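**Student:** Provided herewith is a single structure, encoded as structure tokens, for subsequent inquiry.
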Amino acid sequence: MAASSAGMSVLLCNNIKQIALFYPSQQRQSLCVIRGIYTPASLCQSKGQIKRKSAPKELVGVVGLEVHAQIHANTKLFSRAGVGFQAPPNSLVSFFDASLPGTLPVLNRRCVEAAVMTGLALNCFINKKSVFDRKHYFYADLPAGYQITQQRRPIAVDGTLTYSHLGGPKRNALVTRSVRIKQIQLEQDSGKSLHDDLRGQTLIDLNRAGVGLMELVMEPDMTCGDEAAAAIRELQLILQALGTCQGHMDEGQLRVDANVSVHKPGDPWGIRTEVKNINSVRNLARAIDYEIQRQVGVLDSGGTVQNETRSFDAKSGRTVAMRDKEGLQDYRFMPEPNLPPLMVYDHCSTVPPGVHPSQVVALEEVRAQLPEMPSVRRAMMVEAYDILPEHSFTLMNEEGLMDYFESVVRETKAGPRKVIGWVMNVLLGLLNQHSLGVSQSPITPKALAQLLDLQETGLISSSVAKQVFQELWKAPGKTARQVVQEQNLEIVNNSTEIHRICQEVVDTHPEQLQAIRDGNKRVLNKLIGLVQKETKGRADPVLVRAILEDMTS
């Protein structure tokens with residue numbers, strides 16, 4: 001097959017200009033593929049309603065998702081051509097992928113096992129017998145003029161995905177929901193169309209053509225962008241845990257289309273739009289929330305929502321009309337004549353005689369290989385580290401954050417509860433502020449662990465520790481101890497010096513002194529703050545409080 005792939009590379013390069021002539025870029029419809037989750041809190045309340053001032057019965061969003069997950073396999077679904085994201089154009093193409101006459105599909109067992117494993121993890125019913133169909137449409141990056149898919153009887157149906165997201169008025173309560181999985185089907189991916197606007201032509205790369213996909217269809221059980229984003233992030237974690245899909249959205253390994261409509265509870269669903277060109281979990285939330293608000297605005301102004309396909313512009317945060325869907329496209333589905341029904345067996349013992357073991361996929365064997373699911377790992381983290389459930393949710397959902405947290409815990413003397421406070425409140429806040437991922441953090445887990453050790457041993461105060469953290473952010477090459485020594489930030493334990501500063505603060509604030517003596521003990525915190533300000537946060541807080549309590553009693 002390597003020789004055939006090389007031969008096809010030459011053939012495709014010789015004919016690429018002819019393909020561009022038959023399929024000019026203006027006739028092609030753009031196919032763009034698809035970390036903290038952001039969505040306006042007003043769009044996703046406990047019932048997922050959109051707050052409006054006028055209507056007594058509020059409109060709510062209705063959201064369904066279609067997910068294309070690229071199966072993690074060495075070869076394609078029906079050929080032995082390799083799979084690689086960064087390979088040179090048209091270098092991973094077999095004769096079958098290019099649809100040369102006389103070539104036939106050979107089903108990849110790994111892809112079947114991946115679909116079955118994903119179905120089991122999502123509580124699906126696995127069809128013991130599923131079939132393949134041809135879906136006809138004509139794009140330049142689909143050489144055969146049809147896609148092999150599973151329209152009539154997919155490999156898995158009727159599943160459930162349980163997910164959690166932060167909700168409530170302050171967005172700090174963990175809300176758990178579930179979405180129904182209508183079906184999971186195996187199908188081929190198409191190639192890529194590369195638009196050259198300068199020359200006015202479209203070039204075709206068939207490296208992706210024939211790569212195995214799992215299409216997961218989620219029922220419209222969600223009401224806002226936050227719920228949809230949380231569901232996709234949970235799905236992403238499950239697929240990565242299973243090893244059935246790597247889930248990198250930036251590489252097109254996980255592509256999501258959102259079907260969005262609005263209606264009043266109890267009324268029929270409204271006209272839906274399909275939103276494409278969503279390249280991240282965060283943008284999925286933004287796109288859905290914008291589209292819900294747009295449709296509400298259209299209906300409020302007396303207009304009608306159009307049944308159309310829209311794309312999402314991440315820069316403007318808006319959806320833009322691509323094409324209408326009023327004329328239903330006839331895909332002319334027909335049974336795939338070159339593939340027999342796909343059989344899945346309960347046990348190896350139930351396999352009919354004459355079937356080679358290499359062609360058998362048994363449910364019990366696949367079920368025995370299921371790994372620990374993300375929900376189980378979250379529960380173990382809560383128990384092991386004595387952290388809150390919402391903390392475990394954020395640690396798992398932010399890519400790389402859990403590994404960062406556990407690395408700090410291993411290297412510091414501070415307890416997990418203190419570490420989680422720093423990771424969630426300080427580190428994550430700065431990362432979000434600068435739009436950085438955990439892997440891009442200027443402060444390594446080792447650097448944070450050293451900083452926490454300085455605080456834990458009493459060398460610096462908590463306020464100084466935050467100051468040092470900011471300095472480490474600006475100068476990643478330094479250590480916490482270096483910053484403390486250079487800026488003379490060690491804690492002051494000299495009781496005579498602290499006593500003198502406390503006396504000055506008390507003498508210059510007679511009103512606060514009288515308030516404390518009249519019973520308002522909270523005012524003492526203000527005096528403590530003034531002492532810390534005078535010492536630039538270096539004074540031992542325990543000693544300061546003891547001295548001030550003695551002076552104001």
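Convention: chains lettered A, B, ... in structure tokens order; per-chain residue numbering from 1; ligands numbered from 1 as shown.
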If you run DSSP over the backbone, which residues in stretch 201-341 of chain A end up helix (DSSP H, G or I)? Put them as a compact mmCIF listing (two decimals) with C-alpha atoms, in the first residue's frame.
**Tutor:**
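Result file follows (part.txt):
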# COMPACT_ATOMS: atom_id res chain seq x y z
CA GLY A 225 -24.12 27.53 25.58
CA ASP A 226 -22.82 26.67 29.03
CA GLU A 227 -24.62 23.33 29.08
CA ALA A 228 -23.52 22.46 25.54
CA ALA A 229 -19.90 23.38 26.25
CA ALA A 230 -19.89 21.34 29.46
CA ALA A 231 -21.37 18.34 27.63
CA ILE A 232 -18.74 18.52 24.88
CA ARG A 233 -15.91 18.92 27.40
CA GLU A 234 -17.16 15.85 29.29
CA LEU A 235 -17.39 13.92 26.04
CA GLN A 236 -13.86 15.05 25.16
CA LEU A 237 -12.55 13.75 28.50
CA ILE A 238 -14.34 10.42 28.06
CA LEU A 239 -13.00 9.89 24.53
CA GLN A 240 -9.47 10.75 25.68
CA ALA A 241 -9.75 8.36 28.63
CA LEU A 242 -10.96 5.60 26.30
CA MET A 249 -10.36 20.45 18.38
CA ASP A 250 -7.65 22.67 16.93
CA GLU A 251 -6.57 19.77 14.71
CA VAL A 281 -15.34 24.54 23.60
CA ARG A 282 -15.35 28.19 24.64
CA ASN A 283 -16.44 29.34 21.19
CA LEU A 284 -19.20 26.72 21.21
CA ALA A 285 -20.70 28.41 24.27
CA ARG A 286 -20.29 31.86 22.72
CA ALA A 287 -21.83 30.84 19.41
CA ILE A 288 -24.89 29.20 20.97
CA ASP A 289 -25.56 32.07 23.37
CA TYR A 290 -25.26 34.63 20.61
CA GLU A 291 -27.57 32.65 18.35
CA ILE A 292 -30.18 32.31 21.09
CA GLN A 293 -30.10 36.06 21.72
CA ARG A 294 -30.25 36.76 17.98
CA GLN A 295 -33.32 34.58 17.51
CA VAL A 296 -35.04 36.16 20.51
CA GLY A 297 -34.34 39.57 19.02
CA VAL A 298 -35.77 38.52 15.65
CA LEU A 299 -38.97 37.23 17.24
CA ASP A 300 -39.32 40.26 19.53
**Student:** Applying 12 Å and only C-alpha atoms, which residues near A:Lys76 remain after dropping the ones on its own chain fewer than 3 positions away? List them as JSON, numbers by chain.
**Tutor:** {"A": [70, 71, 72, 73, 79, 80, 81, 82, 83, 84, 92, 93, 94, 96, 97, 105, 106, 107, 108, 109, 110, 111, 112, 186, 187, 188, 189, 190, 206, 207, 208, 209, 210, 211, 212, 213]}
**Student:** Using only C-alpha atoms, which of A:Asp518, A:Asp267, A:Glu549, A:Asp386 sits nearest A:Leu59?
**Tutor:**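 The shortest atom-to-atom distance to A:Leu59 comes from A:Asp267.
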**Student:** Could you tell me, as a PyMOL selection string, which residues of stretch 114-306 of chain A DSSP assigns to strand (DSSP E or B) when given the backbone?
**Tutor:** chain A and resi 125-126+129-130+133-136+146-149+156-167+173-188+192-196+201-205+212-222+254-263+273-278
**Student:** Write out as a list in words which residues come within 9 Å of stretch 458-469 of chain A when counting only C-alpha atoms, dropping same-chain ones fewer than 6 positions away.
**Tutor:**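 Within the cut-off, the hits are Val426, Leu427, Ile443, Leu448, Leu451, Leu452, Ala480, Val483, Val484, Leu489, Glu490, Ile491, Val492, Gln532, Lys536, Gly537, Arg538, Ala539, Asp540 and Pro541 of chain A.
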**Student:** Near A:Cys348, counting only C-alpha atoms, which residues have an atom at most 9 Å away, once you skip same-chain residues fewer than 6 positions from it, shown as number ranges by chain?
**Tutor:** A: 357, 360-365
**Student:** Deliver the residues from the most recent selection as a file, using N, CA and C atoms, as a PDB file, in the first residue's frame.
**Tutor:**
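After the write, part32.pdb holds the following:
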ATOM      1  N   PRO A 357     -10.923 -15.209  14.000  1.00  0.00           N
ATOM      2  CA  PRO A 357     -10.898 -14.371  15.212  1.00  0.00           C
ATOM      3  C   PRO A 357     -10.519 -12.913  14.953  1.00  0.00           C
ATOM      4  N   VAL A 360     -13.530 -10.659  14.545  1.00  0.00           N
ATOM      5  CA  VAL A 360     -14.551 -10.699  15.593  1.00  0.00           C
ATOM      6  C   VAL A 360     -14.375  -9.550  16.576  1.00  0.00           C
ATOM      7  N   VAL A 361     -15.479  -8.875  16.870  1.00  0.00           N
ATOM      8  CA  VAL A 361     -15.518  -7.883  17.945  1.00  0.00           C
ATOM      9  C   VAL A 361     -16.552  -8.372  18.954  1.00  0.00           C
ATOM     10  N   ALA A 362     -16.103  -8.696  20.168  1.00  0.00           N
ATOM     11  CA  ALA A 362     -16.978  -9.234  21.207  1.00  0.00           C
ATOM     12  C   ALA A 362     -17.216  -8.183  22.292  1.00  0.00           C
ATOM     13  N   LEU A 363     -18.487  -7.999  22.656  1.00  0.00           N
ATOM     14  CA  LEU A 363     -18.848  -6.959  23.628  1.00  0.00           C
ATOM     15  C   LEU A 363     -18.161  -7.157  24.972  1.00  0.00           C
ATOM     16  N   GLU A 364     -18.125  -8.378  25.456  1.00  0.00           N
ATOM     17  CA  GLU A 364     -17.550  -8.629  26.780  1.00  0.00           C
ATOM     18  C   GLU A 364     -16.061  -8.311  26.806  1.00  0.00           C
ATOM     19  N   GLU A 365     -15.372  -8.587  25.723  1.00  0.00           N
ATOM     20  CA  GLU A 365     -13.939  -8.272  25.669  1.00  0.00           C
ATOM     21  C   GLU A 365     -13.730  -6.760  25.659  1.00  0.00           C
TER      22      GLU A 365
END
**Student:** Restricting the calculation to only C-alpha atoms: of A:Phe95, A:Phe125, A:Tyr404, A:Phe393, which residue gets closest to A:Ala173?
**Tutor:**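 Of the candidates, the smallest distance to A:Ala173 is held by A:Phe393.
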**Student:** With distances taken over only C-alpha atoms, which residue among A:Met551, A:His68, A:Glu58, A:Ile278 lies nearest A:Gly266?
**Tutor:**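 Ranking A:Met551, A:His68, A:Glu58, A:Ile278 by distance to A:Gly266, first place goes to A:Glu58.
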**Student:** Just checking: using only C-alpha atoms, which residue out of A:Gly303, A:Ile498, A:Glu274, A:Gln369 ends up closest to A:Met322?
**Tutor:**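 That would be A:Glu274, the residue with the smallest distance to A:Met322.
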**Student:** Report, in Å with one decimal, the straight-line distance from atom CA of A:Ile155 to atom CA of A:Ile126.
**Tutor:**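 Here the two named atoms are 6.0 Å from each other.
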**Student:** Give me the residues near A:Ser553 as a PyMOL selection string, where near means some atom within 9 Å (using only C-alpha atoms) and where sequence neighbours in that chain fewer than 5 positions away do not count.
**Tutor:** chain A and resi 516-517+548
**Student:** How far is it from atom CA of A:Ser392 to atom CA of A:Asn123, in Å with one decimal?
**Tutor:**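 Between atom CA of A:Ser392 and atom CA of A:Asn123 the gap is 23.0 Å.
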**Student:** When distances are computed from only C-alpha atoms, which of A:Gln470, A:Thr75, A:Asn279, A:Asn397 shows the smallest separation from A:Gly437?
**Tutor:**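 Distance minimum relative to A:Gly437 lands on A:Asn397.
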